[in-house]
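As provided, entry_31.txt (compact mmCIF, C-alpha atoms and all ligand atoms) reads as follows.
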```txt
# COMPACT_ATOMS: atom_id res chain seq x y z
CA MET S 1 -17.55 18.01 -18.51
CA GLU S 2 -20.95 19.66 -18.81
CA GLN S 3 -20.15 20.92 -22.31
CA SER S 4 -18.88 17.57 -23.57
CA GLY S 5 -21.49 15.60 -21.66
CA ILE S 6 -18.77 13.06 -20.74
CA TYR S 7 -18.76 12.23 -17.05
CA THR S 8 -17.01 8.87 -16.99
CA ASN S 9 -15.99 5.88 -19.22
CA TYR S 10 -12.29 6.85 -19.42
CA GLY S 11 -13.18 10.26 -20.87
CA PRO S 12 -10.80 13.05 -21.92
CA ILE S 13 -9.91 14.12 -18.35
CA ASN S 14 -9.06 10.53 -17.35
CA GLN S 15 -6.92 10.21 -20.48
CA LYS S 16 -5.12 13.43 -19.66
CA PHE S 17 -4.49 12.34 -16.07
CA GLU S 18 -3.15 8.91 -17.08
CA LYS S 19 -0.80 10.50 -19.60
CA ARG S 20 0.49 13.11 -17.16
CA LEU S 21 0.89 10.54 -14.38
CA ILE S 22 3.10 8.35 -16.57
CA GLU S 23 5.22 11.35 -17.63
CA GLN S 24 5.55 12.94 -14.20
CA MET S 25 5.85 9.92 -11.89
CA PHE S 26 7.20 7.12 -14.11
CA GLY S 27 9.59 8.94 -16.44
CA GLY S 28 7.33 8.29 -19.43
CA VAL S 29 7.79 4.51 -19.04
CA GLY S 30 4.81 2.13 -18.88
CA GLN S 31 1.02 2.42 -18.92
CA CYS S 32 -1.74 2.88 -16.36
CA VAL S 33 -5.49 2.71 -15.93
CA THR S 34 -7.48 4.61 -13.33
CA VAL S 35 -9.81 2.77 -10.93
CA CYS S 36 -12.56 3.88 -8.53
CA ASN S 37 -10.50 2.68 -5.55
CA ALA S 38 -7.41 0.56 -4.93
CA THR S 39 -9.30 -2.35 -3.34
CA ILE S 40 -11.19 -2.94 -6.61
CA GLY S 41 -7.92 -2.38 -8.49
CA LEU S 42 -6.24 -5.12 -6.44
CA MET S 43 -9.17 -7.51 -7.02
CA MET S 44 -8.94 -7.00 -10.76
CA ALA S 45 -5.16 -7.30 -10.95
CA LEU S 46 -5.30 -10.55 -8.93
CA LYS S 47 -8.14 -11.87 -11.10
CA TYR S 48 -6.17 -11.03 -14.24
CA VAL S 49 -2.84 -12.60 -13.26
CA THR S 50 -4.55 -15.80 -12.05
CA ARG S 51 -6.62 -16.21 -15.24
CA HIS S 52 -4.75 -19.40 -16.26
CA THR S 53 -5.51 -21.22 -13.02
CA THR S 54 -8.43 -21.84 -10.64
CA ALA S 55 -8.78 -21.82 -6.89
CA SER S 56 -9.55 -25.56 -6.96
CA ARG S 57 -6.06 -26.23 -8.38
CA THR S 58 -4.07 -23.45 -6.67
CA PRO S 59 -6.06 -22.06 -3.74
CA TYR S 60 -3.46 -19.81 -2.11
CA ILE S 61 -2.06 -16.32 -2.61
CA ILE S 62 0.97 -15.51 -0.47
CA MET S 63 0.80 -12.08 1.20
CA PRO S 64 1.93 -10.44 4.45
CA SER S 65 -0.35 -10.23 7.50
CA PHE S 66 1.16 -6.83 8.36
CA THR S 67 -1.05 -4.86 5.99
CA PHE S 68 -4.50 -3.35 5.57
CA ALA S 69 -7.70 -5.42 5.45
CA ALA S 70 -8.37 -4.37 1.83
CA ALA S 71 -5.55 -6.59 0.56
CA ALA S 72 -6.91 -9.82 2.09
CA HIS S 73 -10.47 -8.94 1.04
CA ALA S 74 -9.24 -8.47 -2.55
CA VAL S 75 -7.71 -11.97 -2.52
CA LEU S 76 -10.94 -13.48 -1.16
CA TRP S 77 -13.12 -11.62 -3.71
CA ALA S 78 -10.81 -12.84 -6.47
CA GLY S 79 -11.70 -16.35 -5.27
CA PHE S 80 -8.48 -17.34 -3.52
CA THR S 81 -7.32 -17.83 0.08
CA PRO S 82 -4.74 -15.50 1.64
CA LEU S 83 -1.69 -17.39 2.92
CA PHE S 84 0.01 -15.03 5.36
CA CYS S 85 3.79 -14.85 5.50
CA ASP S 86 6.01 -13.12 8.03
CA ILE S 87 7.78 -9.80 7.48
CA ASP S 88 11.37 -8.65 7.51
CA PRO S 89 11.87 -7.08 10.98
CA ALA S 90 13.88 -4.18 9.49
CA ASP S 91 11.93 -2.98 6.43
CA TRP S 92 8.54 -4.39 7.56
CA MET S 93 7.78 -5.85 4.12
CA ALA S 94 7.10 -9.52 3.28
CA SER S 95 10.19 -11.56 4.15
CA HIS S 96 11.68 -13.23 1.09
CA GLN S 97 12.75 -16.23 3.20
CA ALA S 98 9.23 -16.57 4.60
CA GLU S 99 7.79 -16.47 1.07
CA ASP S 100 10.27 -19.11 -0.10
CA GLN S 101 9.37 -21.32 2.86
CA LEU S 102 5.64 -21.10 2.09
CA LEU S 103 6.32 -21.79 -1.60
CA LYS S 104 8.01 -25.01 -0.47
CA ASP S 105 5.39 -25.95 2.14
CA TYR S 106 2.53 -25.30 -0.31
CA GLU S 107 4.27 -26.40 -3.50
CA GLY S 108 1.92 -26.50 -6.49
CA GLN S 109 -0.88 -24.77 -4.55
CA VAL S 110 0.10 -21.09 -4.89
CA ALA S 111 -1.68 -18.96 -7.53
CA ALA S 112 0.11 -15.65 -6.96
CA ILE S 113 2.53 -13.75 -4.76
CA PHE S 114 1.20 -10.48 -3.41
CA PRO S 115 3.74 -8.31 -1.54
CA TYR S 116 2.91 -4.93 0.00
CA ALA S 117 5.20 -1.91 -0.38
CA THR S 118 4.74 -1.21 3.33
CA PHE S 119 3.93 2.45 4.08
CA GLY S 120 5.50 3.37 0.71
CA ASN S 121 8.76 1.47 1.25
CA ALA S 122 10.51 0.31 -1.93
CA THR S 123 9.75 -3.37 -2.56
CA ASN S 124 12.60 -5.07 -4.44
CA ILE S 125 10.76 -5.50 -7.73
CA ALA S 126 13.71 -7.16 -9.50
CA HIS S 127 13.65 -9.90 -6.84
CA TYR S 128 9.99 -10.64 -7.63
CA THR S 129 10.61 -10.58 -11.38
CA GLU S 130 13.28 -13.25 -10.85
CA LEU S 131 10.97 -15.25 -8.58
CA GLU S 132 8.17 -15.12 -11.16
CA LYS S 133 10.59 -16.27 -13.85
CA LYS S 134 11.85 -19.13 -11.69
CA THR S 135 8.47 -20.38 -10.40
CA GLY S 136 6.02 -19.23 -13.08
CA ILE S 137 3.88 -17.76 -10.27
CA PRO S 138 2.66 -14.21 -11.07
CA VAL S 139 3.20 -11.21 -8.79
CA VAL S 140 0.92 -8.25 -7.95
CA ILE S 141 2.23 -5.41 -5.76
CA ASP S 142 0.01 -3.55 -3.30
CA ALA S 143 1.48 -0.05 -3.56
CA ALA S 144 -1.56 1.67 -2.06
CA ALA S 145 0.57 4.17 -0.13
CA SER S 146 3.39 4.57 -2.66
CA LEU S 147 2.47 7.52 -4.86
CA GLY S 148 5.30 10.03 -4.33
CA ALA S 149 7.73 7.36 -3.05
CA GLN S 150 10.96 6.62 -4.87
CA ASP S 151 12.94 3.42 -5.37
CA ALA S 152 16.65 2.90 -4.69
CA ARG S 153 17.49 4.52 -8.07
CA GLY S 154 15.49 7.62 -7.13
CA GLN S 155 12.77 6.84 -9.69
CA GLY S 156 9.04 6.83 -8.91
CA PHE S 157 8.30 3.57 -7.11
CA GLY S 158 7.24 0.90 -9.58
CA CYS S 159 8.79 2.56 -12.61
CA GLY S 160 9.28 -0.05 -15.33
CA SER S 161 7.62 -2.85 -13.32
CA PRO S 162 6.33 -5.73 -15.45
CA HIS S 163 4.01 -6.59 -12.50
CA ALA S 164 0.83 -4.71 -11.68
CA ILE S 165 1.46 -1.90 -9.19
CA VAL S 166 -1.78 -0.80 -7.52
CA CYS S 167 -1.89 2.70 -5.95
CA SER S 168 -4.65 4.37 -3.95
CA LEU S 169 -5.90 7.94 -4.20
CA HIS S 170 -8.08 7.61 -1.09
CA ALA S 171 -8.52 10.71 1.07
CA THR S 172 -6.08 9.32 3.64
CA LYS S 173 -3.26 8.82 1.12
CA THR S 174 -0.70 11.39 0.00
CA MET S 175 -2.61 12.45 -3.11
CA GLY S 176 -6.16 12.01 -1.89
CA ILE S 177 -9.12 12.72 -4.16
CA GLY S 178 -11.79 11.12 -1.94
CA GLU S 179 -11.98 7.70 -3.60
CA GLY S 180 -9.78 6.57 -6.49
CA GLY S 181 -6.64 4.80 -7.59
CA PHE S 182 -4.75 3.43 -10.55
CA ILE S 183 -2.97 0.31 -11.76
CA TYR S 184 0.45 0.83 -13.33
CA ALA S 185 2.66 -1.60 -15.23
CA ASN S 186 5.16 -1.55 -18.03
CA ASN S 187 2.92 -4.01 -19.82
CA PRO S 188 0.45 -2.60 -22.36
CA ASP S 189 -1.46 -5.89 -22.83
CA MET S 190 -2.15 -6.20 -19.12
CA ILE S 191 -3.24 -2.58 -18.73
CA GLU S 192 -5.55 -2.79 -21.76
CA ALA S 193 -7.08 -6.01 -20.43
CA LEU S 194 -7.62 -4.40 -17.02
CA ARG S 195 -9.21 -1.37 -18.69
CA ALA S 196 -11.69 -3.66 -20.44
CA MET S 197 -12.21 -5.74 -17.29
CA GLY S 198 -13.07 -2.54 -15.40
CA ASN S 199 -15.67 -1.71 -18.05
CA PHE S 200 -17.82 -4.87 -17.66
CA GLY S 201 -15.26 -7.08 -19.39
CA PHE S 202 -16.06 -5.48 -22.73
CA GLY S 203 -13.09 -6.51 -24.87
CA GLN S 204 -15.29 -5.63 -27.86
CA VAL S 205 -18.14 -3.10 -28.17
CA ARG S 206 -20.84 -4.12 -25.63
CA HIS S 207 -19.47 -7.67 -25.82
CA ALA S 208 -17.92 -9.27 -22.75
CA THR S 209 -14.79 -11.25 -23.58
CA MET S 210 -13.53 -11.66 -20.00
CA PRO S 211 -14.68 -11.38 -16.37
CA GLY S 212 -15.72 -7.81 -15.66
CA LEU S 213 -17.05 -5.29 -13.24
CA ASN S 214 -17.31 -1.52 -13.09
CA SER S 215 -14.16 0.07 -11.69
CA LYS S 216 -14.12 3.33 -13.61
CA LEU S 217 -13.01 6.58 -12.03
CA PRO S 218 -15.51 9.38 -12.83
CA GLU S 219 -14.17 12.40 -14.72
CA ILE S 220 -14.63 14.60 -11.64
CA GLY S 221 -12.19 12.34 -9.76
CA ALA S 222 -9.68 12.54 -12.58
CA LEU S 223 -9.96 16.33 -12.47
CA LEU S 224 -9.07 16.35 -8.77
CA ALA S 225 -6.21 13.95 -9.48
CA LEU S 226 -4.85 16.18 -12.26
CA SER S 227 -4.84 19.11 -9.86
CA GLY S 228 -3.23 16.93 -7.16
CA LEU S 229 -0.33 16.06 -9.48
CA GLU S 230 0.58 19.74 -9.72
CA HIS S 231 1.25 19.90 -5.99
CA LEU S 232 2.42 16.35 -5.35
CA ASP S 233 6.17 16.85 -5.42
CA ALA S 234 6.09 19.91 -3.14
CA VAL S 235 3.79 18.07 -0.71
CA VAL S 236 6.08 15.03 -0.59
CA ARG S 237 9.17 17.18 -0.05
CA LYS S 238 7.49 18.92 2.90
CA LYS S 239 6.52 15.53 4.33
CA CYS S 240 10.08 14.27 4.03
CA ALA S 241 11.36 17.29 5.97
CA ILE S 242 8.82 16.61 8.74
CA GLU S 243 9.79 12.92 8.77
CA GLN S 244 13.43 13.97 9.28
CA LEU S 245 12.44 16.26 12.16
CA TYR S 246 10.76 13.31 13.86
CA TYR S 247 13.97 11.26 13.58
CA ASP S 248 15.93 14.16 15.08
CA HIS S 249 13.50 14.54 18.00
CA LEU S 250 13.20 10.82 18.76
CA PRO S 251 16.72 9.43 18.89
CA GLY S 252 16.90 5.91 20.29
CA PHE S 253 13.56 4.84 18.81
CA GLU S 254 13.37 2.25 16.07
CA PHE S 255 11.96 3.29 12.69
CA GLN S 256 11.27 1.52 9.41
CA HIS S 257 14.41 0.75 7.43
CA GLN S 258 13.91 2.34 4.04
CA ARG S 259 14.95 0.55 0.88
CA GLY S 260 14.34 3.50 -1.46
CA THR S 261 15.50 7.11 -1.53
CA ARG S 262 12.15 8.54 -0.44
CA THR S 263 8.81 7.51 1.06
CA SER S 264 5.71 9.64 1.31
CA TYR S 265 4.42 8.79 4.77
CA GLN S 266 0.79 9.46 5.69
CA PHE S 267 1.78 9.13 9.36
CA LEU S 268 5.10 8.48 11.06
CA PRO S 269 5.40 4.84 12.12
CA VAL S 270 7.63 4.23 15.14
CA ARG S 271 8.23 1.21 17.39
CA LEU S 272 7.91 1.30 21.14
CA PRO S 273 10.82 -0.35 22.95
CA GLN S 274 9.93 -3.79 24.35
CA HIS S 275 9.43 -2.68 27.96
CA LEU S 276 6.79 -0.13 26.87
CA VAL S 277 4.78 -2.52 24.67
CA PRO S 278 2.32 -3.46 27.47
CA HIS S 279 1.69 0.27 28.05
CA ARG S 280 0.91 1.26 24.45
CA GLY S 281 -2.79 1.83 25.16
CA ALA S 282 -2.04 4.06 28.14
CA ILE S 283 0.63 6.02 26.22
CA LEU S 284 -1.73 6.72 23.32
CA GLU S 285 -4.56 7.63 25.73
CA ARG S 286 -2.26 10.19 27.35
CA MET S 287 -1.45 11.62 23.89
CA LYS S 288 -5.17 11.87 23.19
CA GLN S 289 -5.65 13.90 26.37
CA LYS S 290 -3.03 16.30 24.95
CA ARG S 291 -5.23 16.48 21.83
CA ILE S 292 -2.81 14.48 19.67
CA GLY S 293 -4.43 11.91 17.42
CA THR S 294 -2.46 8.70 16.96
CA SER S 295 -3.13 5.26 15.56
CA THR S 296 -1.57 1.79 15.37
CA TYR S 297 -1.19 0.72 11.73
CA PHE S 298 -1.27 -2.31 11.52
CA SER S 299 -2.46 -3.55 14.87
CA PRO S 300 -4.34 -5.82 14.97
CA HIS S 301 -2.57 -7.39 11.97
CA LEU S 302 -4.77 -9.36 9.56
CA HIS S 303 -4.45 -12.84 11.08
CA GLU S 304 -5.55 -11.36 14.43
CA GLN S 305 -8.85 -10.16 12.89
CA SER S 306 -11.67 -12.68 13.35
CA TYR S 307 -12.84 -12.87 9.72
CA PHE S 308 -9.35 -13.42 8.35
CA ALA S 309 -8.41 -15.79 11.18
CA THR S 310 -11.22 -18.12 10.07
CA HIS S 311 -10.90 -17.65 6.28
CA CYS S 312 -7.12 -17.50 5.74
CA ARG S 313 -4.02 -19.63 6.38
CA ALA S 314 -0.76 -18.51 7.92
CA GLY S 315 2.85 -19.58 8.28
CA ASP S 316 5.08 -18.42 11.13
CA LEU S 317 4.24 -14.78 12.03
CA SER S 318 6.62 -14.04 14.90
CA ALA S 319 8.21 -10.89 13.41
CA THR S 320 4.72 -9.66 12.45
CA ARG S 321 3.46 -10.14 16.01
CA ALA S 322 6.46 -8.35 17.50
CA LEU S 323 6.12 -5.36 15.16
CA SER S 324 2.34 -5.15 15.33
CA SER S 325 2.29 -5.13 19.14
CA SER S 326 4.87 -2.34 19.33
CA ILE S 327 3.83 -0.08 16.45
CA VAL S 328 2.59 3.49 16.90
CA SER S 329 1.52 5.89 14.12
CA LEU S 330 2.29 9.53 14.94
CA PRO S 331 0.60 12.35 12.98
CA LEU S 332 2.29 13.61 9.81
CA TRP S 333 0.76 15.90 7.22
CA HIS S 334 2.43 18.36 4.92
CA GLU S 335 1.22 21.51 6.65
CA MET S 336 2.54 20.42 10.04
CA THR S 337 4.89 23.07 11.45
CA PRO S 338 8.21 22.29 13.21
CA ASP S 339 6.59 23.49 16.46
CA MET S 340 3.82 20.94 16.08
CA VAL S 341 6.32 18.14 15.48
CA HIS S 342 8.25 19.26 18.52
CA TYR S 343 5.08 19.30 20.64
CA VAL S 344 4.03 15.82 19.47
CA CYS S 345 7.49 14.40 20.22
CA GLN S 346 7.64 16.08 23.63
CA GLN S 347 4.25 14.65 24.59
CA PHE S 348 5.20 11.24 23.23
CA LEU S 349 8.44 11.21 25.23
CA ASN S 350 6.58 12.36 28.36
CA ALA S 351 3.95 9.67 27.92
CA CYS S 352 6.66 7.04 27.46
CA ALA S 353 8.65 8.33 30.45
CA ALA S 354 5.59 7.88 32.68
CA HIS S 355 6.04 4.13 32.17
CA ASP S 356 9.83 4.00 32.28
CA MET S 357 11.09 2.05 35.23
C1 LIG D 1 -5.42 2.33 1.55
C2 LIG D 1 -4.99 0.94 1.33
C3 LIG D 1 -5.69 0.07 0.47
C4 LIG D 1 -7.04 0.39 -0.11
O1 LIG D 1 -7.09 1.52 -0.91
P1 LIG D 1 -8.54 2.11 -1.27
O2 LIG D 1 -8.25 3.06 -2.40
O3 LIG D 1 -9.03 2.80 -0.03
O4 LIG D 1 -9.42 1.00 -1.67
C5 LIG D 1 -5.17 -1.19 0.21
N1 LIG D 1 -4.02 -1.60 0.78
C6 LIG D 1 -3.33 -0.81 1.62
C7 LIG D 1 -2.06 -1.32 2.20
C8 LIG D 1 -3.79 0.47 1.93
O5 LIG D 1 -3.09 1.24 2.79
```
Show me, as structure tokens, the structure contained in the file I just sent.
Amino acid sequence: MEQSGIYTNYGPINQKFEKRLIEQMFGGVGQCVTVCNATIGLMMALKYVTRHTTASRTPYIIMPSFTFAAAAHAVLWAGFTPLFCDIDPADWMASHQAEDQLLKDYEGQVAAIFPYATFGNATNIAHYTELEKKTGIPVVIDAAASLGAQDARGQGFGCGSPHAIVCSLHATKTMGIGEGGFIYANNPDMIEALRAMGNFGFGQVRHATMPGLNSKLPEIGALLALSGLEHLDAVVRKKCAIEQLYYDHLPGFEFQHQRGTRTSYQFLPVRLPQHLVPHRGAILERMKQKRIGTSTYFSPHLHEQSYFATHCRAGDLSATRALSSSIVSLPLWHEMTPDMVHYVCQQFLNACAAHDM
């Protein structure tokens, strides 16, 4: 970098990373552009796919409430209003029936459909391609946690997708580089437009031809990402083994139903049985006293958060409420030993048993 004097602006290291990413994770199919973080990537993808409409004509973008705040913020920054749909109680992704219902209830007012590949689960992309064909409403997929995950065919999640797939490289994700991300699609026109949009909308030299901002990933980030790719597969395989250990140690608990052949969990999401739901706080406090860090992704879900409650719309969210109130995120990282997993599960079972009557 110092020798070339190129620190950003899609320089040689970014180009090398994008090329290797497509080869290694997407079987050489499709194109991608790096971004400084996935939230900005989602904003841009939503802005791009809605370019033929305006919020005054079609104010709503359908998305799940069981997701991270970034997704609803991206919709609002793109100028639209999130319209929250319920989830499938098994795979925890946007329910197709709920989406269809909202498309009916808000006919003619929906600008885009915005599903989330929940925790790296494999969204049925073919379903959304059909839906887009049938309704003419474009689709963007929040795949923030999907790098390393595989679809039902065993290919990298998103491979061949005509819709924008937005992945995060945030420190908390499987291939963390601090801050970063990328947008993937098998759609060269879209990716080239997004590349220009992310460079001040310069479709021509220093000449804005479209809405723009600065979403470029610095070369130093691309260098970390290139190095991350070398270890990614080994890291994901270790994580999958740990995930399996959790299932073995926690029989009788309900887990996410996986639609693909592999996820790349950043924590292990598990549901508390109904009778323990009121005791979740106490159970997690007890784990904390045993020096085990836990979390509750995603509780509160988006429509429970004050800003989104006042700025968004929602359909029925009963499955979302049930999942959100019972969810627990247990620790999972690739260097976790079997003993650690055993200890976490033992403490979790003890903490649960304290409330079993
Ligand atoms: C992490 C995450 C994001 C945001 O990614 P950043 O790169 O941190 O901006 C968006 N959506 C979901 C579901 C996420 O988990």
_7 Å shell around ligand LIG 1 (chain D) using only C-alpha atoms and all ligand atoms, listed as a list in words_ =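 Using only C-alpha atoms and all ligand atoms, everything at most 7 Å from ligand LIG 1 (chain D) comes to Asn37, Ala38, Thr39, Ile40, Thr67, Phe68, Ala70, Ala71, Tyr116, Thr118, Asp142, Ala143, Ala144, Ala145, Ser168, Leu169, His170, Lys173, Glu179, Gly180 and Gly181 of chain S.
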*Point-to-point distance in Å for atom CA of S:Arg259 and atom CA of S:Ile125*: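 These atoms are spaced 11.3 Å apart.
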*Which is closest to S:Leu330 among S:Gly221, S:Pro59, S:Pro269, S:Pro278, if we use only C-alpha atoms?*
S:Pro269
_Long-range neighbours of S:Ile242 as a list in words, 8 Å cut-off, only C-alpha atoms, 5 positions minimum in chain_ =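 Here the answer would be Leu332, His334, Met336, Pro338 and Val341 of chain S.
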For the contact check between stretch 84-191 of chain S and stretch 302-315 of chain S, emit one row per residue of stretch 84-191 of chain S within 9 Å, containing the shortest atom pair and the distance in Å rounded to one decimal, counting only C-alpha atoms, chain then rising number order, as a tab-separated table.
```
residue	atom	partner	partner_atom	distance
S:Phe84	CA	S:Ala314	CA	4.4
S:Cys85	CA	S:Gly315	CA	5.6
S:Asp86	CA	S:Gly315	CA	7.2
S:Ala98	CA	S:Gly315	CA	8.0
S:Gln101	CA	S:Gly315	CA	8.7
S:Leu102	CA	S:Gly315	CA	7.0
```
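With only C-alpha atoms as the atoms that count, the residue of S:Leu213, S:Asp316, S:Ile137, S:Asn199 with the shortest distance to S:Asp105 is S:Asp316.
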*Might you pull out every residue within 6 Å of S:Ser161, with all atoms listed in the file counted and same-chain residues fewer than 2 positions away left off, and present them as a VMD selection string?*
chain S and resid 158 to 159 163 185 to 186
*For S:Leu232, please output as an MDAnalysis selection string all residues within 8 Å (counting all atoms listed in the file; exclusion window: fewer than 2 positions along the same chain).*
chainID S and resid 148 174:175 228:230 234:236
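When all atoms listed in the file are used to measure the gap to S:Asp88, the shortest distance among S:Gln258, S:Thr209, S:Asn187, S:Thr294 belongs to S:Gln258.
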*Could you please determine the separation between atom CA of S:Thr296 and atom CA of S:Ser329 in Å, to one decimal place?*
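Calculated distance between atom CA of S:Thr296 and atom CA of S:Ser329 is 5.3 Å.
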*Pick from S:Met190, S:Leu147, S:Ala208, S:Cys36, whichever lies nearest to S:Ser264 using all atoms listed in the file*: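 Using all atoms listed in the file, S:Ser264 sits closest to S:Leu147.
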*Distance of atom CA of S:Ser215 from atom CA of S:Ala55, expressed in Å to one decimal place*: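 So the answer is 23.0 Å.
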